[in-house]
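S.K.: Have a peek at data15.txt (compact mmCIF, C-alpha atoms).
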```txt
# COMPACT_ATOMS: atom_id res chain seq x y z
CA MET G 1183 112.73 127.85 82.67
CA ASP G 1184 116.38 128.71 83.07
CA ALA G 1185 118.43 125.60 83.84
CA ASP G 1186 121.74 127.18 84.90
CA GLU G 1187 121.15 127.21 88.65
CA LEU G 1188 119.93 123.61 88.68
CA ILE G 1189 122.80 122.44 86.49
CA ASP G 1190 125.32 124.05 88.85
CA LEU G 1191 123.79 122.15 91.78
CA ILE G 1192 123.83 118.72 90.16
CA LYS G 1193 126.58 116.33 91.20
CA TRP G 1194 127.09 114.49 87.92
CA ASP G 1195 128.25 110.90 88.12
CA ARG G 1196 131.48 109.66 86.52
CA ASP G 1197 129.60 109.32 83.20
CA GLY G 1198 128.28 112.89 83.36
CA LEU G 1199 124.73 111.75 84.14
CA VAL G 1200 122.15 112.35 86.86
CA ALA G 1201 119.30 109.99 87.85
CA ALA G 1202 115.82 111.35 87.18
CA ILE G 1203 112.71 109.90 88.82
CA VAL G 1204 109.46 110.73 87.03
CA GLN G 1205 106.36 110.86 89.21
CA ASP G 1206 102.80 111.39 88.01
CA ALA G 1207 101.78 114.92 89.04
CA GLY G 1208 98.20 113.81 89.49
CA ASP G 1209 98.06 110.69 91.66
CA GLY G 1210 101.72 110.42 92.68
CA THR G 1211 102.46 107.13 90.90
CA VAL G 1212 106.20 106.70 90.35
CA LEU G 1213 106.37 106.10 86.60
CA MET G 1214 110.03 105.46 85.80
CA MET G 1215 113.64 106.32 86.49
CA ALA G 1216 116.10 107.18 83.73
CA TRP G 1217 119.29 109.18 83.26
CA MET G 1218 119.88 112.71 81.99
CA ASP G 1219 123.00 114.42 80.72
CA VAL G 1220 123.32 118.20 80.81
CA ASP G 1221 121.70 118.48 77.39
CA ALA G 1222 118.67 116.42 78.49
CA VAL G 1223 118.27 118.57 81.61
CA ARG G 1224 118.37 121.76 79.51
CA ARG G 1225 115.89 120.40 76.96
CA THR G 1226 113.55 119.19 79.72
CA LEU G 1227 113.44 122.61 81.35
CA ARG G 1228 113.20 124.51 78.07
CA THR G 1229 110.48 122.41 76.43
CA ARG G 1230 108.68 121.34 79.64
CA GLN G 1231 108.69 117.75 78.38
CA THR G 1232 111.10 115.09 79.61
CA HIS G 1233 114.29 114.28 77.73
CA PHE G 1234 116.72 111.56 78.77
CA TYR G 1235 120.16 110.33 77.79
CA SER G 1236 120.46 107.18 75.70
CA ARG G 1237 123.64 105.28 76.42
CA SER G 1238 123.29 103.26 73.24
CA ARG G 1239 122.80 106.29 70.97
CA LYS G 1240 125.05 108.49 73.13
CA SER G 1241 122.66 111.43 72.89
CA SER G 1242 119.59 112.83 74.58
CA TRP G 1243 116.15 111.83 73.33
CA HIS G 1244 112.65 113.13 73.75
CA LYS G 1245 110.40 110.75 75.68
CA GLY G 1246 107.31 110.11 73.54
CA GLU G 1247 108.88 111.39 70.32
CA SER G 1248 107.79 108.33 68.35
CA SER G 1249 105.11 106.86 70.63
CA GLY G 1250 103.33 110.10 71.48
CA HIS G 1251 103.62 109.13 75.15
CA VAL G 1252 105.18 112.38 76.26
CA GLN G 1253 105.55 113.60 79.83
CA ASP G 1254 104.46 117.21 80.42
CA VAL G 1255 106.61 118.56 83.22
CA GLU G 1256 105.03 120.38 86.16
CA SER G 1257 108.01 120.64 88.53
CA VAL G 1258 111.65 119.66 88.90
CA ALA G 1259 113.21 119.04 92.32
CA ILE G 1260 116.70 117.94 93.37
CA ASP G 1261 117.70 115.89 96.41
CA CYS G 1262 119.95 116.96 99.26
CA ASP G 1263 123.01 115.28 97.73
CA GLY G 1264 122.40 116.81 94.31
CA ASP G 1265 122.60 113.50 92.49
CA VAL G 1266 118.92 112.69 91.89
CA LEU G 1267 116.16 114.74 90.24
CA LEU G 1268 112.46 114.29 90.93
CA ILE G 1269 110.25 115.36 88.05
CA LYS G 1270 106.51 115.66 88.48
CA ALA G 1271 104.78 115.31 85.13
CA ARG G 1272 101.54 114.48 83.37
CA GLN G 1273 102.02 111.22 81.49
CA VAL G 1274 100.27 110.80 78.13
CA GLY G 1275 99.56 107.09 77.56
CA GLY G 1276 102.02 104.92 79.48
CA ALA G 1277 105.60 105.45 80.60
CA CYS G 1278 106.68 101.84 80.13
CA HIS G 1279 107.75 100.35 76.81
CA GLU G 1280 106.02 97.14 77.87
CA GLY G 1281 102.62 98.84 77.75
CA TYR G 1282 102.15 99.71 81.40
CA ARG G 1283 101.52 103.13 82.85
CA SER G 1284 104.43 102.70 85.27
CA CYS G 1285 107.64 100.75 84.73
CA PHE G 1286 107.23 99.38 88.28
CA PHE G 1287 104.47 96.90 87.42
CA ARG G 1288 106.10 93.88 89.10
CA ARG G 1289 106.34 93.53 92.86
CA VAL G 1290 107.41 91.00 95.44
CA GLY G 1291 104.41 89.09 96.80
CA ASP G 1292 104.01 87.97 100.40
CA ASP G 1293 105.43 84.57 99.44
CA GLY G 1294 108.53 86.17 97.89
CA ARG G 1295 107.39 85.35 94.34
CA MET G 1296 107.27 88.17 91.81
CA GLN G 1297 103.80 89.19 90.67
CA VAL G 1298 102.47 91.57 88.03
CA ALA G 1299 100.52 94.23 89.91
CA ALA G 1300 99.06 96.31 87.07
CA GLU G 1301 97.13 96.08 83.82
CA PRO G 1302 98.66 97.32 80.55
CA VAL G 1303 97.30 100.66 79.31
CA PHE G 1304 98.38 100.24 75.71
CA GLU G 1305 99.50 97.52 73.35
CA ALA G 1306 103.27 97.78 73.21
CA ILE G 1307 103.62 96.06 69.84
CA ALA G 1308 101.06 98.38 68.23
CA VAL G 1309 102.94 101.44 69.48
CA TYR G 1310 106.53 100.34 69.04
CA GLY G 1311 106.22 97.66 66.33
CA THR G 1312 108.27 94.68 67.42
CA PRO G 1313 108.84 94.66 71.17
CA PRO G 1314 111.82 96.89 71.87
CA PRO G 1315 114.69 95.53 73.92
CA PRO G 1316 114.53 96.56 77.55
CA GLY G 1317 116.80 99.46 78.25
CA ASP G 1318 117.05 103.18 77.93
CA ALA G 1319 116.42 103.60 74.24
CA VAL G 1320 112.65 103.65 73.93
CA PRO G 1321 111.38 106.89 72.40
CA MET J 466 109.86 87.68 102.58
CA ASP J 467 112.12 85.52 100.45
CA ALA J 468 114.47 87.66 98.36
CA ASP J 469 115.82 85.05 95.92
CA GLU J 470 113.42 85.68 93.06
CA LEU J 471 113.86 89.45 93.27
CA ILE J 472 117.64 89.17 93.48
CA ASP J 473 117.70 86.99 90.36
CA LEU J 474 115.74 89.66 88.46
CA ILE J 475 117.94 92.60 89.43
CA LYS J 476 120.41 93.86 86.84
CA TRP J 477 123.20 94.98 89.15
CA ASP J 478 125.36 97.85 87.96
CA ARG J 479 129.13 97.59 87.52
CA ASP J 480 129.56 98.23 91.25
CA GLY J 481 127.11 95.48 92.22
CA LEU J 482 124.43 97.97 93.26
CA VAL J 483 120.82 98.71 92.38
CA ALA J 484 119.03 102.07 92.74
CA ALA J 485 116.19 102.08 95.29
CA ILE J 486 113.53 104.79 95.36
CA VAL J 487 111.67 105.08 98.66
CA GLN J 488 108.11 106.39 98.43
CA ASP J 489 105.81 107.12 101.37
CA ALA J 490 103.15 104.40 101.42
CA GLY J 491 100.62 106.86 102.78
CA ASP J 492 100.56 109.99 100.66
CA GLY J 493 102.94 108.96 97.86
CA THR J 494 105.69 111.49 98.62
CA VAL J 495 108.99 110.41 97.08
CA LEU J 496 111.31 110.46 100.09
CA MET J 497 114.77 109.55 98.79
CA MET J 498 116.82 107.46 96.44
CA ALA J 499 119.80 105.42 97.59
CA TRP J 500 121.71 102.30 96.55
CA MET J 501 121.47 98.71 97.71
CA ASP J 502 123.86 95.79 97.36
CA VAL J 503 122.62 92.22 97.55
CA ASP J 504 123.03 92.19 101.32
CA ALA J 505 120.95 95.36 101.74
CA VAL J 506 118.20 93.90 99.54
CA ARG J 507 118.14 90.71 101.63
CA ARG J 508 118.10 92.62 104.92
CA THR J 509 115.35 94.93 103.67
CA LEU J 510 113.09 92.04 102.73
CA ARG J 511 113.89 90.00 105.84
CA THR J 512 113.48 92.79 108.41
CA ARG J 513 110.84 94.82 106.51
CA GLN J 514 112.89 97.95 107.18
CA THR J 515 115.10 99.61 104.57
CA HIS J 516 118.83 98.93 104.42
CA PHE J 517 121.18 100.60 101.95
CA TYR J 518 124.78 100.31 100.85
CA SER J 519 127.30 102.82 102.12
CA ARG J 520 130.07 103.45 99.64
CA SER J 521 132.24 105.09 102.28
CA ARG J 522 131.89 102.23 104.78
CA LYS J 523 131.64 99.59 102.05
CA SER J 524 128.83 97.77 103.83
CA SER J 525 125.08 97.85 104.15
CA TRP J 526 123.48 99.94 106.88
CA HIS J 527 120.08 100.15 108.49
CA LYS J 528 118.28 103.41 107.76
CA GLY J 529 117.27 104.94 111.10
CA GLU J 530 119.65 102.80 113.17
CA SER J 531 121.04 105.81 115.04
CA SER J 532 118.36 108.45 114.35
CA GLY J 533 115.32 106.25 114.91
CA HIS J 534 114.00 107.44 111.56
CA VAL J 535 113.35 103.97 110.18
CA GLN J 536 111.32 103.13 107.09
CA ASP J 537 108.80 100.30 107.57
CA VAL J 538 108.47 98.56 104.23
CA GLU J 539 105.04 97.83 102.79
CA SER J 540 105.97 96.72 99.26
CA VAL J 541 108.93 96.27 96.95
CA ALA J 542 108.58 96.61 93.16
CA ILE J 543 111.11 96.42 90.32
CA ASP J 544 111.10 98.24 87.01
CA CYS J 545 110.90 96.71 83.54
CA ASP J 546 114.68 96.90 83.05
CA GLY J 547 115.42 95.35 86.44
CA ASP J 548 117.78 98.11 87.51
CA VAL J 549 115.60 100.19 89.84
CA LEU J 550 113.57 99.20 92.90
CA LEU J 551 110.55 101.11 94.19
CA ILE J 552 109.97 100.65 97.90
CA LYS J 553 106.77 101.86 99.52
CA ALA J 554 107.33 102.45 103.21
CA ARG J 555 106.08 104.25 106.30
CA GLN J 556 108.66 106.85 107.27
CA VAL J 557 109.25 107.51 110.96
CA GLY J 558 110.45 111.12 111.41
CA GLY J 559 112.14 112.39 108.26
CA ALA J 560 114.08 110.67 105.50
CA CYS J 561 116.52 113.50 104.92
CA HIS J 562 119.65 114.08 107.01
CA GLU J 563 119.00 117.81 106.65
CA GLY J 564 115.83 117.55 108.71
CA TYR J 565 113.24 117.35 105.96
CA ARG J 566 110.68 114.62 105.47
CA SER J 567 111.81 114.16 101.85
CA CYS J 568 115.29 114.65 100.41
CA PHE J 569 113.66 116.47 97.47
CA PHE J 570 112.95 119.71 99.34
CA ARG J 571 114.48 122.04 96.73
CA ARG J 572 112.84 122.70 93.39
CA VAL J 573 113.28 124.91 90.36
CA GLY J 574 111.02 127.95 90.55
CA ASP J 575 109.28 129.53 87.58
CA ASP J 576 112.16 131.99 87.27
CA GLY J 577 114.72 129.17 87.16
CA ARG J 578 116.00 129.97 90.68
CA MET J 579 116.15 127.14 93.20
CA GLN J 580 113.71 127.42 96.08
CA VAL J 581 113.14 125.43 99.27
CA ALA J 582 109.66 123.94 98.99
CA ALA J 583 109.23 122.27 102.39
CA GLU J 584 109.53 122.86 106.12
CA PRO J 585 111.93 120.78 108.24
CA VAL J 586 110.25 118.10 110.36
CA PHE J 587 113.11 117.66 112.81
CA GLU J 588 116.24 119.47 113.91
CA ALA J 589 119.08 117.75 112.09
CA ILE J 590 121.77 118.81 114.56
CA ALA J 591 119.76 117.50 117.52
CA VAL J 592 119.38 114.10 115.82
CA TYR J 593 122.77 113.69 114.21
CA GLY J 594 124.97 115.94 116.34
CA THR J 595 127.10 118.01 114.01
CA PRO J 596 125.59 118.22 110.54
CA PRO J 597 126.68 115.10 108.64
CA PRO J 598 128.34 115.51 105.27
CA PRO J 599 125.91 115.03 102.41
CA GLY J 600 126.19 111.58 100.96
CA ASP J 601 125.12 108.04 101.50
CA ALA J 602 126.34 107.47 105.03
CA VAL J 603 123.58 108.83 107.24
CA PRO J 604 122.20 106.20 109.60
```
Step by step, read the file and then write its structure as structure tokens.
M.R.:
Amino acid sequence: MDADELIDLIKWDRDGLVAAIVQDAGDGTVLMMAWMDVDAVRRTLRTRQTHFYSRSRKSSWHKGESSGHVQDVESVAIDCDGDVLLIKARQVGGACHEGYRSCFFRRVGDDGRMQVAAEPVFEAIAVYGTPPPPGDAVP
Amino acid sequence: MDADELIDLIKWDRDGLVAAIVQDAGDGTVLMMAWMDVDAVRRTLRTRQTHFYSRSRKSSWHKGESSGHVQDVESVAIDCDGDVLLIKARQVGGACHEGYRSCFFRRVGDDGRMQVAAEPVFEAIAVYGTPPPPGDAVP
């Protein structure tokens, strides 16, 4: 998949990044949001698996590279402003480094208290070793 | 809906904003992504309709205030890192200022060319007058 036309459309932020929402291509669950630089966008379109930009490592990384929890890309859309991508993908395992399928496993309850609204799909410590710090650097 | 617990969890960016994805509560379509400041988060939870932050006006605004295309909120979730909200809502009319139900109406085709993958649901000029500039300031 040639990325040139998409890359020309993207309005990169002041850090040279674009927000990328990943949605499950099957049931529509929103799995995560992360950031891509131009290299991550190119790799995502070329390999048909998601790549993101790690601010801590200052380079793009392949989601699932160490965990096996890759995201097989089915489609890539861009919003009207050109500053957000929507990627529909098939998620292997779970998207979240805390062991959940979706990173959005906590929601506001009717009483305003936060509640966990999902069950883990894998054991985070078994996959990642010690629990990784929250952030953008979970391969 | 009390917003205090959610607001404490949010990791605000350097501009004091948090990304908010809006997903249709019915069929799961991802409608848009925009930004909220603390005031927009409070108004969204209090009124159960989405409010966002306008960088150009430097204040929060009520989505649909002038167009009638409000978003009735059903649930608000937060991701593991605390820097993205996922709002499930019922969209009246269309979310996109260009007349589409979702802002993500363009996608990358198999040949790498961008293609429009949706039909407009309303006539943008009839709703907004002259076409508004793309950006975050479409009420």
S.K.: For Arg1230 in chain G, work out the shell of residues within 12 Å, counting only C-alpha atoms and skipping chain neighbours fewer than 3 positions away, then give it as a PDB file with C-alpha atoms, in the frame of the given file.
M.R.:
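Generated output (around-v8.pdb):
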```
ATOM      1  CA  MET G1183     112.730 127.850  82.670  1.00  0.00           C
ATOM      2  CA  ASP G1184     116.380 128.710  83.070  1.00  0.00           C
ATOM      3  CA  ALA G1185     118.430 125.600  83.840  1.00  0.00           C
ATOM      4  CA  ALA G1222     118.670 116.420  78.490  1.00  0.00           C
ATOM      5  CA  VAL G1223     118.270 118.570  81.610  1.00  0.00           C
ATOM      6  CA  ARG G1224     118.370 121.760  79.510  1.00  0.00           C
ATOM      7  CA  ARG G1225     115.890 120.400  76.960  1.00  0.00           C
ATOM      8  CA  THR G1226     113.550 119.190  79.720  1.00  0.00           C
ATOM      9  CA  LEU G1227     113.440 122.610  81.350  1.00  0.00           C
ATOM     10  CA  HIS G1233     114.290 114.280  77.730  1.00  0.00           C
ATOM     11  CA  HIS G1244     112.650 113.130  73.750  1.00  0.00           C
ATOM     12  CA  LYS G1245     110.400 110.750  75.680  1.00  0.00           C
ATOM     13  CA  VAL G1252     105.180 112.380  76.260  1.00  0.00           C
ATOM     14  CA  GLN G1253     105.550 113.600  79.830  1.00  0.00           C
ATOM     15  CA  ASP G1254     104.460 117.210  80.420  1.00  0.00           C
ATOM     16  CA  VAL G1255     106.610 118.560  83.220  1.00  0.00           C
ATOM     17  CA  GLU G1256     105.030 120.380  86.160  1.00  0.00           C
ATOM     18  CA  SER G1257     108.010 120.640  88.530  1.00  0.00           C
ATOM     19  CA  VAL G1258     111.650 119.660  88.900  1.00  0.00           C
ATOM     20  CA  ILE G1269     110.250 115.360  88.050  1.00  0.00           C
ATOM     21  CA  LYS G1270     106.510 115.660  88.480  1.00  0.00           C
ATOM     22  CA  ALA G1271     104.780 115.310  85.130  1.00  0.00           C
ATOM     23  CA  ARG G1272     101.540 114.480  83.370  1.00  0.00           C
TER      24      ARG G1272
ATOM     25  CA  ASP J 575     109.280 129.530  87.580  1.00  0.00           C
TER      26      ASP J 575
END
```
S.K.: Rounded to one decimal place, report the CA of Leu1268 in chain G-CA of Arg1228 in chain G distance in Å.
M.R.: 16.4 Å
S.K.: Report, in Å to a single decimal, how far apart CA of Val1204 in chain G and CA of Ala484 in chain J are.
M.R.: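 Pair CA of Ala484 in chain J / CA of Val1204 in chain G returns 14.1 Å.
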S.K.: If you take all atoms listed in the file and a cut-off of 8 Å, which residues of chain G touch chain J, and what are their nearest atom pairs and distances in Å to one decimal, in chain and number order, as CSV?
M.R.:
```
residue,atom,partner,partner_atom,distance
G:Met1183,CA,J:Gly577,CA,5.1
G:Asp1184,CA,J:Gly577,CA,4.4
G:Ala1185,CA,J:Gly577,CA,6.1
G:Asp1186,CA,J:Gly577,CA,7.6
G:Glu1187,CA,J:Arg578,CA,6.2
G:Leu1188,CA,J:Met579,CA,6.9
G:Gly1210,CA,J:Gly493,CA,5.5
G:Thr1211,CA,J:Gly493,CA,7.2
G:Met1214,CA,J:Asp544,CA,7.4
G:Met1215,CA,J:Val549,CA,7.3
G:Ser1257,CA,J:Val573,CA,7.0
G:Val1258,CA,J:Arg572,CA,5.6
G:Ala1259,CA,J:Arg572,CA,3.8
G:Ile1260,CA,J:Phe569,CA,5.3
G:Asp1261,CA,J:Phe569,CA,4.2
G:Cys1262,CA,J:Cys568,CA,5.3
G:Asp1263,CA,J:Pro599,CA,5.5
G:Val1266,CA,J:Met498,CA,7.2
G:Leu1267,CA,J:Phe569,CA,7.8
G:Leu1268,CA,J:Phe569,CA,7.0
G:Cys1278,CA,J:Cys545,CA,7.5
G:Glu1280,CA,J:Cys545,CA,7.5
G:Cys1285,CA,J:Asp544,CA,4.8
G:Phe1286,CA,J:Asp544,CA,4.2
G:Phe1287,CA,J:Asp544,CA,6.8
G:Arg1288,CA,J:Ala542,CA,5.5
G:Arg1289,CA,J:Ala542,CA,3.8
G:Val1290,CA,J:Val541,CA,5.7
G:Asp1292,CA,J:Met466,CA,6.2
G:Asp1293,CA,J:Met466,CA,6.3
G:Gly1294,CA,J:Asp467,CA,4.5
G:Arg1295,CA,J:Glu470,CA,6.2
G:Met1296,CA,J:Glu470,CA,6.8
G:Pro1316,CA,J:Asp546,CA,5.5
G:Gly1317,CA,J:Asp546,CA,5.8
```
S.K.: Expressed in Å to a single decimal, how great is the separation between CA of Gly1208 in chain G and CA of Ala1277 in chain G?
M.R.: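 We find that CA of Gly1208 in chain G and CA of Ala1277 in chain G lie 14.3 Å from each other.
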S.K.: Can you give me chain J superposed onto chain G, least-squares on all Cα in order, written as an mmCIF file with C-alpha atoms, in the frame of the given file?
M.R.:
```cif
data_model
loop_
_atom_site.group_PDB
_atom_site.id
_atom_site.type_symbol
_atom_site.label_atom_id
_atom_site.label_comp_id
_atom_site.auth_asym_id
_atom_site.auth_seq_id
_atom_site.Cartn_x
_atom_site.Cartn_y
_atom_site.Cartn_z
ATOM 1 C CA MET J 466 112.709 127.811 82.672
ATOM 2 C CA ASP J 467 116.370 128.683 83.054
ATOM 3 C CA ALA J 468 118.431 125.584 83.842
ATOM 4 C CA ASP J 469 121.731 127.182 84.909
ATOM 5 C CA GLU J 470 121.147 127.200 88.650
ATOM 6 C CA LEU J 471 119.928 123.600 88.669
ATOM 7 C CA ILE J 472 122.810 122.431 86.492
ATOM 8 C CA ASP J 473 125.316 124.053 88.855
ATOM 9 C CA LEU J 474 123.786 122.141 91.785
ATOM 10 C CA ILE J 475 123.832 118.713 90.151
ATOM 11 C CA LYS J 476 126.581 116.318 91.200
ATOM 12 C CA TRP J 477 127.078 114.483 87.919
ATOM 13 C CA ASP J 478 128.245 110.890 88.126
ATOM 14 C CA ARG J 479 131.450 109.633 86.506
ATOM 15 C CA ASP J 480 129.592 109.305 83.198
ATOM 16 C CA GLY J 481 128.272 112.874 83.342
ATOM 17 C CA LEU J 482 124.731 111.737 84.138
ATOM 18 C CA VAL J 483 122.151 112.343 86.846
ATOM 19 C CA ALA J 484 119.310 109.990 87.852
ATOM 20 C CA ALA J 485 115.812 111.358 87.174
ATOM 21 C CA ILE J 486 112.707 109.902 88.805
ATOM 22 C CA VAL J 487 109.459 110.723 87.014
ATOM 23 C CA GLN J 488 106.361 110.861 89.210
ATOM 24 C CA ASP J 489 102.796 111.406 88.001
ATOM 25 C CA ALA J 490 101.783 114.925 89.036
ATOM 26 C CA GLY J 491 98.202 113.794 89.480
ATOM 27 C CA ASP J 492 98.059 110.707 91.659
ATOM 28 C CA GLY J 493 101.727 110.422 92.674
ATOM 29 C CA THR J 494 102.460 107.135 90.885
ATOM 30 C CA VAL J 495 106.193 106.685 90.348
ATOM 31 C CA LEU J 496 106.378 106.092 86.599
ATOM 32 C CA MET J 497 110.043 105.452 85.795
ATOM 33 C CA MET J 498 113.631 106.316 86.480
ATOM 34 C CA ALA J 499 116.089 107.174 83.725
ATOM 35 C CA TRP J 500 119.283 109.184 83.259
ATOM 36 C CA MET J 501 119.873 112.698 81.996
ATOM 37 C CA ASP J 502 122.998 114.419 80.719
ATOM 38 C CA VAL J 503 123.322 118.188 80.800
ATOM 39 C CA ASP J 504 121.684 118.486 77.392
ATOM 40 C CA ALA J 505 118.663 116.425 78.478
ATOM 41 C CA VAL J 506 118.270 118.568 81.606
ATOM 42 C CA ARG J 507 118.359 121.752 79.508
ATOM 43 C CA ARG J 508 115.884 120.390 76.961
ATOM 44 C CA THR J 509 113.551 119.184 79.711
ATOM 45 C CA LEU J 510 113.424 122.593 81.357
ATOM 46 C CA ARG J 511 113.198 124.509 78.078
ATOM 47 C CA THR J 512 110.478 122.400 76.431
ATOM 48 C CA ARG J 513 108.674 121.336 79.643
ATOM 49 C CA GLN J 514 108.689 117.757 78.362
ATOM 50 C CA THR J 515 111.097 115.092 79.608
ATOM 51 C CA HIS J 516 114.282 114.269 77.717
ATOM 52 C CA PHE J 517 116.720 111.557 78.773
ATOM 53 C CA TYR J 518 120.151 110.319 77.797
ATOM 54 C CA SER J 519 120.450 107.196 75.694
ATOM 55 C CA ARG J 520 123.613 105.276 76.422
ATOM 56 C CA SER J 521 123.265 103.240 73.243
ATOM 57 C CA ARG J 522 122.794 106.279 70.986
ATOM 58 C CA LYS J 523 125.036 108.485 73.129
ATOM 59 C CA SER J 524 122.663 111.432 72.879
ATOM 60 C CA SER J 525 119.605 112.833 74.570
ATOM 61 C CA TRP J 526 116.162 111.840 73.328
ATOM 62 C CA HIS J 527 112.650 113.133 73.759
ATOM 63 C CA LYS J 528 110.406 110.752 75.683
ATOM 64 C CA GLY J 529 107.311 110.115 73.555
ATOM 65 C CA GLU J 530 108.870 111.399 70.322
ATOM 66 C CA SER J 531 107.803 108.320 68.356
ATOM 67 C CA SER J 532 105.105 106.849 70.633
ATOM 68 C CA GLY J 533 103.338 110.094 71.493
ATOM 69 C CA HIS J 534 103.618 109.129 75.150
ATOM 70 C CA VAL J 535 105.171 112.403 76.264
ATOM 71 C CA GLN J 536 105.552 113.600 79.841
ATOM 72 C CA ASP J 537 104.465 117.215 80.427
ATOM 73 C CA VAL J 538 106.619 118.558 83.229
ATOM 74 C CA GLU J 539 105.031 120.378 86.151
ATOM 75 C CA SER J 540 108.003 120.639 88.528
ATOM 76 C CA VAL J 541 111.637 119.655 88.892
ATOM 77 C CA ALA J 542 113.212 119.048 92.320
ATOM 78 C CA ILE J 543 116.693 117.930 93.385
ATOM 79 C CA ASP J 544 117.710 115.890 96.397
ATOM 80 C CA CYS J 545 119.951 116.976 99.265
ATOM 81 C CA ASP J 546 123.017 115.297 97.733
ATOM 82 C CA GLY J 547 122.411 116.819 94.304
ATOM 83 C CA ASP J 548 122.597 113.506 92.482
ATOM 84 C CA VAL J 549 118.923 112.699 91.880
ATOM 85 C CA LEU J 550 116.161 114.731 90.235
ATOM 86 C CA LEU J 551 112.453 114.285 90.931
ATOM 87 C CA ILE J 552 110.256 115.349 88.041
ATOM 88 C CA LYS J 553 106.508 115.650 88.473
ATOM 89 C CA ALA J 554 104.788 115.313 85.125
ATOM 90 C CA ARG J 555 101.536 114.493 83.364
ATOM 91 C CA GLN J 556 102.003 111.230 81.494
ATOM 92 C CA VAL J 557 100.279 110.818 78.138
ATOM 93 C CA GLY J 558 99.577 107.100 77.541
ATOM 94 C CA GLY J 559 102.019 104.931 79.470
ATOM 95 C CA ALA J 560 105.595 105.451 80.602
ATOM 96 C CA CYS J 561 106.673 101.856 80.142
ATOM 97 C CA HIS J 562 107.751 100.361 76.810
ATOM 98 C CA GLU J 563 106.012 97.151 77.874
ATOM 99 C CA GLY J 564 102.621 98.837 77.752
ATOM 100 C CA TYR J 565 102.153 99.702 81.405
ATOM 101 C CA ARG J 566 101.502 103.130 82.844
ATOM 102 C CA SER J 567 104.424 102.708 85.267
ATOM 103 C CA CYS J 568 107.641 100.762 84.729
ATOM 104 C CA PHE J 569 107.230 99.385 88.272
ATOM 105 C CA PHE J 570 104.473 96.899 87.425
ATOM 106 C CA ARG J 571 106.105 93.881 89.101
ATOM 107 C CA ARG J 572 106.339 93.526 92.856
ATOM 108 C CA VAL J 573 107.405 90.988 95.441
ATOM 109 C CA GLY J 574 104.416 89.089 96.800
ATOM 110 C CA ASP J 575 104.028 87.971 100.398
ATOM 111 C CA ASP J 576 105.444 84.577 99.439
ATOM 112 C CA GLY J 577 108.535 86.168 97.880
ATOM 113 C CA ARG J 578 107.373 85.343 94.326
ATOM 114 C CA MET J 579 107.261 88.166 91.795
ATOM 115 C CA GLN J 580 103.793 89.171 90.659
ATOM 116 C CA VAL J 581 102.461 91.575 88.032
ATOM 117 C CA ALA J 582 100.523 94.243 89.912
ATOM 118 C CA ALA J 583 99.065 96.324 87.069
ATOM 119 C CA GLU J 584 97.127 96.091 83.823
ATOM 120 C CA PRO J 585 98.652 97.318 80.545
ATOM 121 C CA VAL J 586 97.294 100.659 79.322
ATOM 122 C CA PHE J 587 98.370 100.244 75.710
ATOM 123 C CA GLU J 588 99.491 97.510 73.354
ATOM 124 C CA ALA J 589 103.265 97.792 73.222
ATOM 125 C CA ILE J 590 103.625 96.069 69.851
ATOM 126 C CA ALA J 591 101.053 98.376 68.244
ATOM 127 C CA VAL J 592 102.952 101.445 69.497
ATOM 128 C CA TYR J 593 106.533 100.339 69.048
ATOM 129 C CA GLY J 594 106.241 97.675 66.354
ATOM 130 C CA THR J 595 108.285 94.697 67.451
ATOM 131 C CA PRO J 596 108.858 94.690 71.198
ATOM 132 C CA PRO J 597 111.875 96.917 71.886
ATOM 133 C CA PRO J 598 114.738 95.522 73.920
ATOM 134 C CA PRO J 599 114.557 96.569 77.551
ATOM 135 C CA GLY J 600 116.848 99.460 78.243
ATOM 136 C CA ASP J 601 117.108 103.176 77.943
ATOM 137 C CA ALA J 602 116.420 103.632 74.256
ATOM 138 C CA VAL J 603 112.643 103.693 73.976
ATOM 139 C CA PRO J 604 111.370 106.901 72.400
#
```
S.K.: Calculated over only C-alpha atoms, which of the candidates J:Val557, J:Ala485, J:Met501, J:Ile475 has the smallest distance to Gly533 in chain J?
M.R.: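 Nearest candidate to Gly533 in chain J out of J:Val557, J:Ala485, J:Met501, J:Ile475: J:Val557.
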